[in-house]
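Since the structure comes first, as structure tokens, the remarks are kept for the end.
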Amino acid sequence: MANRLDTRSVPLDRTRNIGIMAHVDAGKTTTTERILFYAGSTTRIGEVDDGSAVTDWMAQEQERGISITAAATTFGWRGHVVNLIDTPGHVDFTMEVERSLRVLDGAIAVFDAVAGVESQSETVWRQADRYRVPRLAFINKCDREGADPARVVEMMKTRLGAHPIVIQLPLVSAPATPGGSTTFDGVIDLIEMRSRTWDVASFGAKFTDGPIPHAHVAGASLAREAMIEAIAELDDELMAAWVAGRELAAAALRAALRRVTLGNRGVPTLVGAAFRNQGIHNLLDAVVDFLPPPSVEIRGRDPQDPTSAPTIVRAVGDDQPLAALVFKVQYDERGSQLSFVRVYTGCLKVGDAVLDASRGSLEQIGGLVRMFANHREDLRQIEAGMIGAVVGGGKLATGDTLCDPRSPILLDAMTVPSAVMGIALEPDTEEDHSKLGVALERLAIEDPSFRVRTDVDSGQIVISGMGELHLEIVVDRLRREFGVNARVGNPQVAYRETISRRAEGENKFVRGAGSPGGPRGDYGHVKLVVEPTDRGGGYVYENRAPSSDIPQELAPAVEAGVTEAALRGVLSGHPMTDLRVQVVGGSYHPVDSNNYAFKVAGGKAFVAAATKASPTLLEPVMSLEVVTPDEHVGDVLGDLHARRGKVAGISARPGVQTVACFVPMASMFGYATDLRSRTKGRATYAMELDHYDEVPTQLRDDVITRLRA
Ligand SMILES: Nc1nc2c(ncn2[C@@H]2O[C@H](COP(=O)(O)OP(=O)(O)OP(=O)(O)O)[C@@H](O)[C@H]2O)c(=O)[nH]1
Ligand SMILES: [Mg+2]
């Protein structure tokens, strides 16, 4: 079989690690499903709509028809081996996109030909920019009425600041009857200047290449000229050939487009309709032709000095010392841990003892597998440039670097998004209570964007995450996978506290000074200063106390006391942020000073200072985008106004308006249900954290009273 998978014989330059990313419902999973079918990995096409898609294997994914977790799989194409990760589009599962992009070398951005560049497409595009991942654009759903690929290309320029290079046109035939709708029959390939149509009976497995139909020739020639010009503008070599009037062969165009794509200067843009089994073969060819293989060199930091610059450079090859990154942890149905790794260089082998450089511990590799969504195949080793998973390995966590103990290196971990809301959980019975701890711990290990804490005052367990859907899925998994029943409290906003001005604080903690020979007393004395920083500055701690005031060995206790107090806040029990704490002095007692006393004094000095520094409350403000039919726009806007929303802009396409707005999380609980009933289910929205802002003064006191109650 042409696409047989035999990874060991595939060299690095014929390896691709790619992700597929987009707004909810753009058709990522539908596209992935076709990819696996045409590559020969599956024998029939699964559908999202009836819960049979391979990469949507979780029960919650199948029931809801959405992707929740990133699913990795491997297949062969034209003598290449491709590791593919299908990511979820819903913003609540953005951690899945983040961790995938961290380890991928290239990505396919999918757009809906009708809806165009939607809010979450923009978010994932920026994430990919941050990791400098070269990408292709696939304009999907060209079969839908109102499909307008040209408009999508314009939106890619204006909304994403991208340089799309259109290498295909949709092959659209005129309506059969006057006033009827056009049909999408296939694609026109502007590099080869030919048309391609897919056979319906074989579910698109067979296709026919032919000349461009007469009616499309003129348009295709113009589009080809525009394509060549767009590539030449970004590639000097092609520009020289073009200016010289030389004949440009398809191979030369592809080579130039490859250079442009790898340099992140332009984005080859293709069209298709995954659901209609059209356009996928070309997309796979483009993955092989334009997206990069693993790089030949990687950079990392010295694990002894994790904040240093990434100056350690390693060549990539199977015979090099190992460097790999854990990007995802998952528990299987038997409860054993699977840790997904990308091996950057070297070879990870069963039986190896590798260093977890992030933790400083050794890890014995008991088993290795290659993942095909939730199915797996045993491996003896994972070679440089490949993706697989470690079985067992109970101490590994997302973001950990695994390396050869003789050549330590630390690779950059991924960014973990902040939580915006929480809910309290009350287990139904004693038994539920005892099972809950383990279950939550596991879920938190799987998903770093999900957090668990116990409220200091009420003793309640509070879980927090990216939004209502995120937490709803967690509660559902608790019940089904772990058999834990718990009542869910009202949603809570993940507030933060900060200070408005500089203040000093001091505390001397002295207790029962001992008589000579008797038990020792406690003595700790800390002076500190707090001052506000810019919004987004986080929490900064500096120890400037001379060691004659606070001895070196007691300094960590002071930091622990201050940090603990800062996490607890002084107004409402929420963590403090955007402030700098400087410990400036204190004193010690040669006999009675101890860690405990300095920790207490540090905490109390901090509370004294922060209370004087005009503390105030910050709330998460979300960026929200609502897409609604024209007739509901007035209602949607009125409702947003009532929710303290600030409209940032409204844009329109025929019949539909998109409202962009900033709105506090506190007024958005239950929005999904509300919007659905307000618009008869015809509007959609996406929302994500934009920034933290001060709670308006007229609301603050009420909020604080409520939080303290
Ligand atoms: N008309 C049409 N519908 C499509 C096409 N591709 C996908 N769909 C439909 O669009 C819906 C969403 O498809 P998915 O593949 O689940 O989209 P997704 O991007 O994976 O969605 P999430 O993972 O939840 O973000 C499903 O109902 C598909 O059947 C297409 O080419 N044409
Ligand atoms: Mg999906």
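Ligands are numbered from 1 in the order shown, chains are lettered A, B, ... in the order of the structure tokens, and residues start at 1 in each chain.
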Q.
Please identify all protein, DNA and RNA residues within 7 Å of ligand 1, counting only C-alpha atoms and all ligand atoms, and report them as a PyMOL selection string.
A. chain A and resi 22-31+47-49+65-68+87-90+140-144+272-276
Selected residues written out, C-alpha atoms, as a PDB file, in the first residue's frame:
ATOM      1  CA  ALA A  22      -9.730  26.518  14.226  1.00  0.00           C
ATOM      2  CA  HIS A  23     -12.894  28.004  15.660  1.00  0.00           C
ATOM      3  CA  VAL A  24     -15.580  25.596  16.964  1.00  0.00           C
ATOM      4  CA  ASP A  25     -17.323  23.668  14.184  1.00  0.00           C
ATOM      5  CA  ALA A  26     -15.053  24.765  11.333  1.00  0.00           C
ATOM      6  CA  GLY A  27     -14.664  21.079  10.466  1.00  0.00           C
ATOM      7  CA  LYS A  28     -11.332  20.049  12.032  1.00  0.00           C
ATOM      8  CA  THR A  29     -12.486  16.631  13.159  1.00  0.00           C
ATOM      9  CA  THR A  30     -14.416  16.039   9.928  1.00  0.00           C
ATOM     10  CA  THR A  31     -11.228  16.861   7.986  1.00  0.00           C
ATOM     11  CA  GLU A  47     -18.792  11.350  11.381  1.00  0.00           C
ATOM     12  CA  VAL A  48     -18.897  13.889  14.182  1.00  0.00           C
ATOM     13  CA  ASP A  49     -22.668  14.084  13.765  1.00  0.00           C
ATOM     14  CA  GLY A  65     -20.527  16.603  18.783  1.00  0.00           C
ATOM     15  CA  ILE A  66     -17.596  18.781  19.870  1.00  0.00           C
ATOM     16  CA  SER A  67     -13.941  18.048  20.492  1.00  0.00           C
ATOM     17  CA  ILE A  68     -12.746  18.448  24.067  1.00  0.00           C
ATOM     18  CA  THR A  87      -7.450  20.130  18.611  1.00  0.00           C
ATOM     19  CA  PRO A  88     -10.749  21.401  20.047  1.00  0.00           C
ATOM     20  CA  GLY A  89     -12.060  24.769  18.872  1.00  0.00           C
ATOM     21  CA  HIS A  90     -14.010  25.699  21.964  1.00  0.00           C
ATOM     22  CA  ASN A 140     -13.678  24.295   4.337  1.00  0.00           C
ATOM     23  CA  LYS A 141     -17.426  23.990   3.792  1.00  0.00           C
ATOM     24  CA  CYS A 142     -17.214  25.395   0.249  1.00  0.00           C
ATOM     25  CA  ASP A 143     -20.370  23.386  -0.462  1.00  0.00           C
ATOM     26  CA  ARG A 144     -22.484  25.541   1.855  1.00  0.00           C
ATOM     27  CA  GLY A 272     -12.515  22.097  -0.046  1.00  0.00           C
ATOM     28  CA  ALA A 273     -15.522  20.549   1.625  1.00  0.00           C
ATOM     29  CA  ALA A 274     -14.456  17.853   4.061  1.00  0.00           C
ATOM     30  CA  PHE A 275     -17.965  16.655   4.709  1.00  0.00           C
ATOM     31  CA  ARG A 276     -18.452  16.141   0.942  1.00  0.00           C
TER      32      ARG A 276
END
(Q) I want to know what sits within 8 Å of range 396-408 of chain A, based on only C-alpha atoms, with residues of the same chain fewer than 3 positions away left out; could you give that as a list of chain:residue names? (A)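 Answer for this query is A:Asp302, A:Pro303, A:Pro321, A:Leu322, A:Ala323, A:Ala324, A:Leu325, A:Val326, A:Phe327, A:Lys328, A:Val329, A:Ser339, A:Val354, A:Leu355, A:Asp356, A:Ala357, A:Ser358, A:Arg359, A:Gly393, A:Leu411, A:Asp412, A:Ala413, A:Met414, A:Ile445, A:Glu446, A:Pro448.
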Would you save the residues of that selection, restricted to C-alpha atoms, as a compact mmCIF listing (two decimals), in the first residue's frame?
# COMPACT_ATOMS: atom_id res chain seq x y z
CA ASP A 302 20.68 24.73 31.90
CA PRO A 303 18.42 22.92 34.43
CA PRO A 321 21.67 12.56 23.91
CA LEU A 322 17.93 12.51 24.60
CA ALA A 323 15.82 15.67 24.93
CA ALA A 324 12.02 15.24 25.00
CA LEU A 325 9.05 17.22 26.27
CA VAL A 326 5.96 15.87 28.03
CA PHE A 327 3.04 17.79 26.52
CA LYS A 328 0.03 15.90 27.77
CA VAL A 329 -0.86 13.50 30.55
CA SER A 339 2.38 10.76 29.20
CA VAL A 354 15.97 9.24 32.00
CA LEU A 355 16.28 12.48 33.93
CA ASP A 356 13.14 14.54 34.45
CA ALA A 357 15.05 17.82 34.35
CA SER A 358 12.04 19.85 35.50
CA ARG A 359 11.84 17.89 38.76
CA GLY A 393 5.65 7.11 34.54
CA LEU A 411 13.15 22.77 27.26
CA ASP A 412 10.55 25.53 27.55
CA ALA A 413 7.22 24.43 28.97
CA MET A 414 3.93 25.76 27.59
CA ILE A 445 -2.76 16.54 36.45
CA GLU A 446 -4.37 15.91 33.06
CA PRO A 448 -3.19 22.28 34.01
(Q) Could you list, as a PyMOL selection string, every residue within 9 Å of Thr182 in chain A, counting only C-alpha atoms and ignoring same-chain residues fewer than 3 positions away? (A) chain A and resi 143+145+172-176
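Looking only at range 528-599 of chain A, the set that DSSP places in alpha helix (DSSP H) from backbone geometry is Ala555, Pro556, Ala557, Val558, Glu559, Ala560, Gly561, Val562, Thr563, Glu564, Ala565, Ala566, Leu567, Arg568, Asn595, Tyr596, Ala597, Phe598 and Lys599 of chain A.
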Q.
I need the strand (DSSP E or B) residues of range 289-502 of chain A per DSSP on the backbone, written as a ChimeraX atom specification.
A. /A:297-301,312-315,323-331,337-345,348-349,353-356,361-364,367-372,375-379,381-382,387-391,401-403,410,421-427,451-454,461-465,486-493,496-499
Q: Quick one: everything within 10 Å of range 689-691 of chain A, counting only C-alpha atoms, minus sequence neighbours fewer than 3 positions away in the same chain. Send it as a VMD selection string.
A: chain A and resid 91 417 to 420 466 to 467 535 to 536 618 to 624 662 to 665
